[in-house]
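upload-v7.txt follows; it contains compact mmCIF, C-alpha atoms.
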# COMPACT_ATOMS: atom_id res chain seq x y z
CA MET L 168 142.04 58.65 85.73
CA SER L 169 143.53 57.38 82.50
CA ARG L 170 142.12 58.08 79.04
CA TRP L 171 143.29 56.48 75.81
CA GLY L 172 140.89 57.98 73.28
CA MET L 173 137.69 59.94 72.70
CA GLY L 174 135.46 56.86 72.65
CA ILE L 175 132.71 56.70 75.26
CA SER L 176 134.42 53.78 77.01
CA ALA L 177 138.04 54.86 76.53
CA CYS L 178 138.90 55.58 80.18
CA ASP L 179 139.55 53.74 83.43
CA GLU L 180 136.42 54.86 85.25
CA PHE L 181 134.08 53.64 82.52
CA ALA L 182 135.79 50.25 82.43
CA GLU L 183 135.80 49.93 86.23
CA VAL L 184 132.14 50.83 86.63
CA LYS L 185 131.10 48.44 83.85
CA ASP L 186 133.17 45.65 85.38
CA ASP L 187 131.74 46.21 88.86
CA PHE L 188 128.18 46.59 87.55
CA PHE L 189 128.02 43.24 85.78
CA GLU L 190 130.61 40.98 87.39
CA CYS L 191 130.28 42.04 91.03
CA PHE L 192 126.60 42.91 91.13
CA TYR L 193 124.28 42.17 88.22
CA TYR L 194 125.48 38.62 87.68
CA ARG L 195 125.18 38.06 91.44
CA ASN L 196 121.46 38.90 91.36
CA MET L 197 121.58 42.40 92.87
CA SER L 198 118.84 44.74 91.64
CA VAL L 199 119.76 47.52 89.21
CA PRO L 200 118.48 50.35 91.49
CA GLN L 201 120.66 49.04 94.33
CA ILE L 202 123.68 48.74 92.03
CA GLU L 203 123.17 52.31 90.86
CA GLN L 204 122.91 53.59 94.43
CA ASP L 205 126.03 51.77 95.62
CA ILE L 206 128.19 52.81 92.66
CA LEU L 207 127.12 56.48 92.78
CA GLU L 208 127.57 56.68 96.55
CA TYR L 209 131.07 55.28 96.23
CA TYR L 210 132.29 57.47 93.36
CA GLU L 211 130.60 60.63 94.63
CA SER L 212 132.43 60.13 97.92
CA GLN L 213 135.75 59.98 96.05
CA PHE L 214 135.26 62.99 93.73
CA GLU L 215 133.87 66.45 94.29
CA ALA L 216 130.57 67.41 92.69
CA GLY L 217 131.25 68.72 89.21
CA ASP L 218 134.45 66.75 88.78
CA GLY L 219 134.65 65.64 85.15
CA VAL L 220 135.64 62.14 86.21
CA LEU L 221 132.06 61.63 87.36
CA HIS L 222 130.89 62.16 83.78
CA ASP L 223 132.40 58.82 82.81
CA VAL L 224 130.84 57.17 85.85
CA TYR L 225 127.39 58.33 84.72
CA PHE L 226 128.10 57.38 81.11
CA ALA L 227 129.10 53.88 82.21
CA LEU L 228 126.05 53.51 84.44
CA ALA L 229 123.77 54.69 81.65
CA ASP L 230 125.33 52.23 79.22
CA CYS L 231 125.04 49.31 81.65
CA GLU L 232 121.47 50.09 82.65
CA TRP L 233 120.44 50.57 79.01
CA ARG L 234 121.99 47.21 78.17
CA CYS L 235 119.87 45.68 80.93
CA GLY L 236 116.75 47.51 79.76
CA GLN L 237 116.48 49.35 83.09
CA LEU L 238 117.87 52.85 82.53
CA SER L 239 116.75 55.06 85.43
CA ASP L 240 115.40 58.60 85.02
CA ARG L 241 118.10 59.90 87.35
CA VAL L 242 120.99 58.56 85.31
CA ARG L 243 119.39 59.32 81.94
CA ASP L 244 118.63 62.92 82.87
CA GLU L 245 122.10 63.54 84.31
CA VAL L 246 123.78 62.16 81.19
CA ARG L 247 121.54 64.35 79.03
CA ARG L 248 122.49 67.45 81.06
CA ILE L 249 126.22 66.64 80.92
CA ILE L 250 126.11 66.28 77.15
CA GLU L 251 123.67 69.04 76.20
CA GLU L 252 125.37 71.59 78.47
CA GLY L 253 128.78 70.70 77.04
CA ARG L 254 130.24 69.86 80.45
CA ASP L 255 132.24 66.88 79.28
CA THR L 256 133.89 68.60 76.33
CA GLU L 257 134.72 71.57 78.59
CA PHE L 258 136.35 69.19 81.03
CA LEU L 259 138.43 67.59 78.29
CA LYS L 260 139.33 71.05 77.01
CA GLU L 261 140.76 71.84 80.44
CA LEU L 262 142.84 68.68 80.07
CA TYR L 263 144.32 70.19 76.88
CA ALA L 264 142.42 68.03 74.38
CA CYS L 265 142.96 69.38 70.87
CA PRO L 266 140.07 70.81 68.78
CA ALA L 267 139.94 67.72 66.56
CA ASP L 268 139.62 65.46 69.61
CA LEU L 269 136.90 67.69 71.07
CA ARG L 270 134.90 67.49 67.84
CA ARG L 271 135.30 63.72 67.81
CA ARG L 272 134.20 63.52 71.44
CA GLU L 273 131.12 65.62 70.74
CA GLU L 274 130.12 63.30 67.90
CA VAL L 275 130.58 60.28 70.17
CA LEU L 276 128.51 61.85 72.94
CA GLN L 277 125.64 62.73 70.61
CA LYS L 278 125.52 59.17 69.27
CA PHE L 279 125.66 57.80 72.82
CA LEU L 280 122.81 60.06 73.93
CA ALA L 281 120.69 58.97 70.99
CA LYS L 282 121.36 55.35 71.87
CA ILE L 283 120.35 55.54 75.52
CA LEU L 284 117.22 57.54 74.64
CA SER L 285 116.13 54.68 72.43
CA GLU L 286 114.73 51.37 73.61
CA ASN L 287 117.09 48.40 73.81
CA PRO L 288 115.42 45.59 71.83
CA LYS L 289 117.54 42.86 73.42
CA PRO L 290 118.28 43.61 77.09
CA ILE L 291 120.84 41.46 78.87
CA ARG L 292 119.08 39.01 81.13
CA GLN L 293 120.22 38.62 84.70
CA ARG L 294 121.90 35.28 85.23
CA GLN L 295 123.98 33.81 88.00
CA LYS L 296 127.63 33.36 87.12
CA PRO L 297 129.79 30.85 89.00
CA ILE L 298 132.31 32.34 91.41
CA TYR L 299 135.81 32.04 90.03
CA LYS L 300 138.00 29.67 92.00
CA VAL L 301 141.76 29.48 92.26
CA PRO L 302 143.05 25.91 92.00
CA PHE L 303 145.67 26.36 94.75
CA SER L 304 145.74 26.30 98.55
CA ILE L 305 148.08 27.80 101.13
CA GLY L 306 151.27 25.78 101.31
CA ASP L 307 150.98 24.12 97.91
CA ILE L 308 154.32 23.27 96.28
CA VAL L 309 153.79 23.52 92.55
CA ALA L 310 155.89 22.63 89.50
CA TYR L 311 155.00 24.92 86.62
CA ARG L 312 155.86 23.73 83.13
CA TYR L 313 157.52 26.38 81.01
CA GLY L 314 158.84 25.34 77.62
CA ASP L 315 160.75 22.08 77.99
CA GLY L 316 161.32 22.38 81.72
CA TYR L 317 159.83 23.24 85.08
CA TYR L 318 160.05 25.95 87.73
CA GLY L 319 159.11 25.29 91.34
CA CYS L 320 157.01 27.66 93.43
CA VAL L 321 155.24 27.79 96.79
CA VAL L 322 151.84 29.35 97.50
CA LEU L 323 152.25 31.40 100.69
CA ASP L 324 148.73 32.72 101.01
CA VAL L 325 145.34 32.68 99.31
CA LEU L 326 143.26 35.79 99.91
CA ASP L 327 139.50 35.46 99.67
CA LEU L 328 137.86 38.64 98.38
CA GLU L 329 134.28 39.24 99.38
CA PRO L 330 132.09 39.66 96.27
CA ASN L 331 129.48 42.36 95.70
CA THR L 332 131.80 45.19 96.76
CA ILE L 333 132.79 48.12 94.57
CA GLY L 334 136.41 48.22 93.52
CA LYS L 335 137.26 44.62 94.26
CA SER L 336 138.53 42.16 91.74
CA LYS L 337 135.67 40.24 90.14
CA TYR L 338 137.68 37.10 90.78
CA SER L 339 137.24 35.66 94.23
CA TYR L 340 140.83 34.98 95.16
CA ASN L 341 144.33 36.37 95.00
CA ILE L 342 147.45 34.41 95.85
CA LEU L 343 150.88 35.23 97.23
CA ILE L 344 153.37 33.09 95.35
CA ALA L 345 157.14 32.62 95.67
CA ILE L 346 158.99 31.34 92.57
CA GLY L 347 162.38 29.65 92.61
CA ARG L 348 165.26 30.20 90.18
CA SER L 349 166.00 26.58 89.36
CA TYR L 350 164.86 25.38 85.95
CA THR L 351 164.83 21.61 85.59
CA PRO L 352 163.93 19.25 82.72
CA THR L 353 161.70 17.23 85.05
CA PRO L 354 159.46 18.33 87.94
CA PRO L 355 161.67 19.26 90.92
CA ASP L 356 161.79 17.28 94.13
CA PRO L 357 159.30 18.90 96.54
CA GLN L 358 161.99 18.79 99.22
CA ASP L 359 164.22 20.99 97.06
CA VAL L 360 161.74 23.75 96.21
CA PRO L 361 161.67 25.44 99.68
CA ASN L 362 165.49 25.57 99.57
CA ASP L 363 165.62 27.10 96.09
CA GLU L 364 166.77 30.72 95.77
CA ILE L 365 163.95 33.25 95.42
CA ARG L 366 163.45 34.48 91.89
CA SER L 367 160.32 36.56 92.45
CA VAL L 368 157.60 37.00 95.04
CA HIS L 369 154.32 38.77 94.50
CA TRP L 370 150.62 38.93 95.01
CA ASP L 371 148.76 37.71 91.98
CA SER L 372 145.23 38.60 90.92
CA LEU L 373 145.32 37.23 87.42
CA CYS L 374 142.17 36.67 85.43
CA TRP L 375 143.53 33.45 83.97
CA PHE L 376 144.95 30.50 85.89
CA PRO L 377 146.87 27.81 84.05
CA PRO L 378 145.09 24.65 82.94
CA LYS L 379 145.97 21.58 84.97
CA LYS L 380 148.22 20.26 82.18
CA HIS L 381 150.61 23.20 82.78
CA TRP L 382 151.31 22.54 86.44
CA ILE L 383 151.81 19.66 88.86
CA LEU L 384 150.95 19.71 92.55
CA LEU L 385 153.97 18.24 94.37
CA GLY L 386 152.80 18.50 97.96
CA ASN L 387 151.65 20.85 100.68
CA ILE L 388 153.53 22.36 103.62
CA ALA L 389 150.85 24.67 105.07
CA ASP L 390 151.83 23.61 108.60
CA ARG L 391 155.24 25.28 108.10
CA ILE L 392 153.90 28.65 106.90
CA ASP L 393 152.66 31.62 108.95
CA ARG L 394 149.15 32.64 107.98
CA ASP L 395 147.77 36.05 106.97
CA TYR L 396 150.22 37.79 104.66
CA THR L 397 147.58 40.33 103.66
CA MET L 398 149.62 43.41 104.46
CA TYR L 399 153.02 41.95 103.67
CA LEU L 400 155.18 41.91 100.55
CA GLY L 401 152.56 43.52 98.38
CA MET L 402 150.96 46.83 97.59
CA TYR L 403 147.54 48.22 96.77
CA ASN L 404 147.30 50.19 93.57
CA THR L 405 144.94 52.95 92.46
CA LYS L 406 142.52 50.45 90.94
CA ARG L 407 141.63 49.32 94.47
CA MET L 408 142.73 45.75 94.00
CA ILE L 409 145.79 43.84 95.08
CA ALA L 410 148.68 44.67 92.80
CA THR L 411 151.09 42.02 91.67
CA TYR L 412 154.49 42.55 93.25
CA GLY L 413 156.69 42.85 90.18
CA GLY L 414 153.99 43.39 87.59
CA CYS L 415 150.86 41.59 86.45
CA GLY L 416 150.66 39.47 83.35
CA ALA L 417 147.75 38.10 81.37
CA ASN L 418 148.89 34.54 82.02
CA TRP L 419 151.43 32.62 84.00
CA ASP L 420 153.90 32.27 81.15
CA SER L 421 154.64 35.99 81.50
CA ILE L 422 155.55 35.48 85.16
CA PHE L 423 157.74 32.45 84.68
CA ALA L 424 159.47 33.71 81.52
CA PRO L 425 163.29 33.90 81.87
CA ASP L 426 163.29 37.60 80.95
CA TYR L 427 160.72 38.49 83.60
CA ASP L 428 162.35 41.23 85.65
CA ALA L 429 161.30 41.16 89.29
CA ARG L 430 164.80 41.81 90.67
CA ARG L 431 164.15 45.41 91.68
CA ASN L 432 161.03 44.54 93.62
CA ALA L 433 162.62 41.51 95.26
CA ARG L 434 165.63 43.61 96.27
CA GLU L 435 163.41 46.28 97.78
CA ALA L 436 161.65 43.61 99.80
CA GLY L 437 165.04 42.38 101.05
CA VAL L 438 164.55 38.77 100.01
CA LEU L 439 166.84 38.44 96.97
CA GLY L 440 169.30 35.59 97.51
CA GLN L 441 167.25 34.03 100.30
CA PRO L 442 165.73 30.53 100.06
CA ILE L 443 161.96 30.33 99.56
CA LYS L 444 161.57 28.91 103.06
CA TYR L 445 162.78 32.29 104.37
CA LEU L 446 159.31 33.57 103.45
CA PHE L 447 157.51 30.99 105.55
CA ARG L 448 157.69 33.45 108.45
CA LYS L 449 155.90 36.71 107.62
CA ALA L 450 158.12 38.44 110.19
CA ASN L 451 160.86 38.28 107.54
CA LEU L 452 158.80 40.23 105.04
CA THR L 453 158.41 43.95 104.43
CA ARG L 454 155.14 45.21 105.81
CA THR L 455 153.14 47.67 103.72
CA ASP L 456 151.34 50.74 105.05
CA ARG L 457 147.73 50.43 106.02
CA LEU L 458 145.14 51.54 103.51
CA PRO L 459 143.39 54.90 103.91
CA ALA L 460 140.18 54.63 105.88
CA PHE L 461 137.90 54.97 102.85
CA ALA L 462 139.69 52.14 101.07
CA ALA L 463 139.55 49.94 104.14
CA ASP L 464 135.80 50.49 104.37
CA ILE L 465 135.21 49.09 100.89
CA ARG L 466 137.43 46.11 101.54
CA LYS L 467 135.63 44.58 104.46
CA GLY L 468 136.46 41.15 103.10
CA LEU L 469 140.23 41.63 103.42
CA ARG L 470 142.15 40.18 106.36
CA PHE L 471 144.43 42.80 107.89
CA ALA L 472 147.53 41.86 109.81
CA ASP L 473 147.97 43.33 113.26
Please express what this file holds, its structure, as structure tokens.
Amino acid sequence: MSRWGMGISACDEFAEVKDDFFECFYYRNMSVPQIEQDILEYYESQFEAGDGVLHDVYFALADCEWRCGQLSDRVRDEVRRIIEEGRDTEFLKELYACPADLRRREEVLQKFLAKILSENPKPIRQRQKPIYKVPFSIGDIVAYRYGDGYYGCVVLDVLDLEPNTIGKSKYSYNILIAIGRSYTPTPPDPQDVPNDEIRSVHWDSLCWFPPKKHWILLGNIADRIDRDYTMYLGMYNTKRMIATYGGCGANWDSIFAPDYDARRNAREAGVLGQPIKYLFRKANLTRTDRLPAFAADIRKGLRFAD
């Protein structure tokens, strides 16, 4: 749980539920009652009854359902009880919120309750959104343009995430990418990229992939690369999605920037100083621990290495 203010949406759980509700379910034509059931079953299995974290889950569900014009009696009544009985402000008080913050929170909650008890004049219509696609394939050798020059990189794996599952990235793919150190004024020779020294290696689940004008596909060497890196050279973070090894940026420029510091992570993985082709065999990589059983259950779309 992370909170950055007293606003109704100023916490991780609210943002996660809202993201899952619309991007993973509502815009994929799942019914609102089914979405509600799946989200509540998941979060209630992760937190004990009465845990204040569940307040934000209910607030988020109420907000989403109200926006869709389909607020259920169950969610509405639970939100009303949480607010009118002062449960949420008591929870924040236990987290050492100051009196001024508690007063602000109470004002926010009363306004929120008034909103969801009113009728939404313009509900969000259910529409099918296209599934996001990554423009790369396993084995692609890519020249990425940064400033006046280019870096070379190799795509080691592309992980397909099954949609309509709580806690998964709303984007359909993640990639494992190895970036070289060489910076050249023209696109590098594809024969040279696998021999380039590793600069950084990580899983990437970015929400923005570079336009075609920023990168050049130099070739593909999928036949030289072991498949299924799912449990290698990566980690799973508390947001239940694949974490970038070395940090996640909003766009690729942040990854390729000269001051990007992935040395510590590369050193821990034991690949610093090795050529990129060293990573073609997953046996050379550091294997991560398996996920807890509950996390594995909600990631049925992931491919686990033996």
Residue contacts of L:Leu207 (9 Å, all atoms listed in the file) excluding same-chain residues fewer than 2 positions away, as a ChimeraX atom specification = /L:202-205,209-212,221,224-225,228
Would you mind listing what lies within 7 Å of L:Arg366 as a PyMOL selection string, with all atoms listed in the file counted and same-chain residues fewer than 2 positions away left out?
-> chain L and resi 346-348+364
Produce the centre coordinates and the three edge lengths, each in Å to one decimal, of the box along x, y and z that contains all listed atoms of stretch 443-452 of chain L with 8 Å added on each side, as JSON.
{"center_x": 159.3, "center_y": 34.6, "center_z": 104.9, "size_x": 22.9, "size_y": 27.3, "size_z": 26.6}
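Checking L:Pro357, L:Arg254, L:Asp268, L:Asp240 one by one against L:Gly217, counting all atoms listed in the file, you find the shortest gap at L:Arg254.
Distance annotation: of L:Asn387, L:Gln293, L:Ser285, L:Ser176, the residue with the minimal separation from L:Glu190 is L:Gln293; atom set is only C-alpha atoms.
The space separating atom CA of L:Arg394 from atom CA of L:Asp324 comes to 7.0 Å.
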Among listed residues L:Gly316, L:Ile443, L:Val242, L:Lys282, nearest L:Gln358 (using all atoms listed in the file) = L:Ile443
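Here the question is which of L:Val301, L:Leu280, L:Ala345, L:Val322 gets nearest to L:Ile250 using all atoms listed in the file, and that residue is L:Leu280.
The space separating atom CA of L:Ala227 from atom CA of L:Asn196 comes to 19.1 Å.
Remark: for L:Asp255, the closest of the candidate residues L:Arg234, L:Lys185, L:Arg391, L:Arg270 is L:Arg270 (distances computed over all atoms listed in the file).
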Which neighbours of L:Arg312 fall inside 6 Å, counting all atoms listed in the file, when residues of the same chain fewer than 4 positions from it are skipped, and could you give them as a PyMOL selection string?
-> chain L and resi 316-317+381-382
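Going from atom CA of L:Ser304 to atom CA of L:Phe189 covers 27.6 Å.
Among the candidates L:Leu384, L:Val275, L:Ile392, L:Val321, the residue lying nearest to L:Val360 is L:Val321 (atoms considered: all atoms listed in the file).
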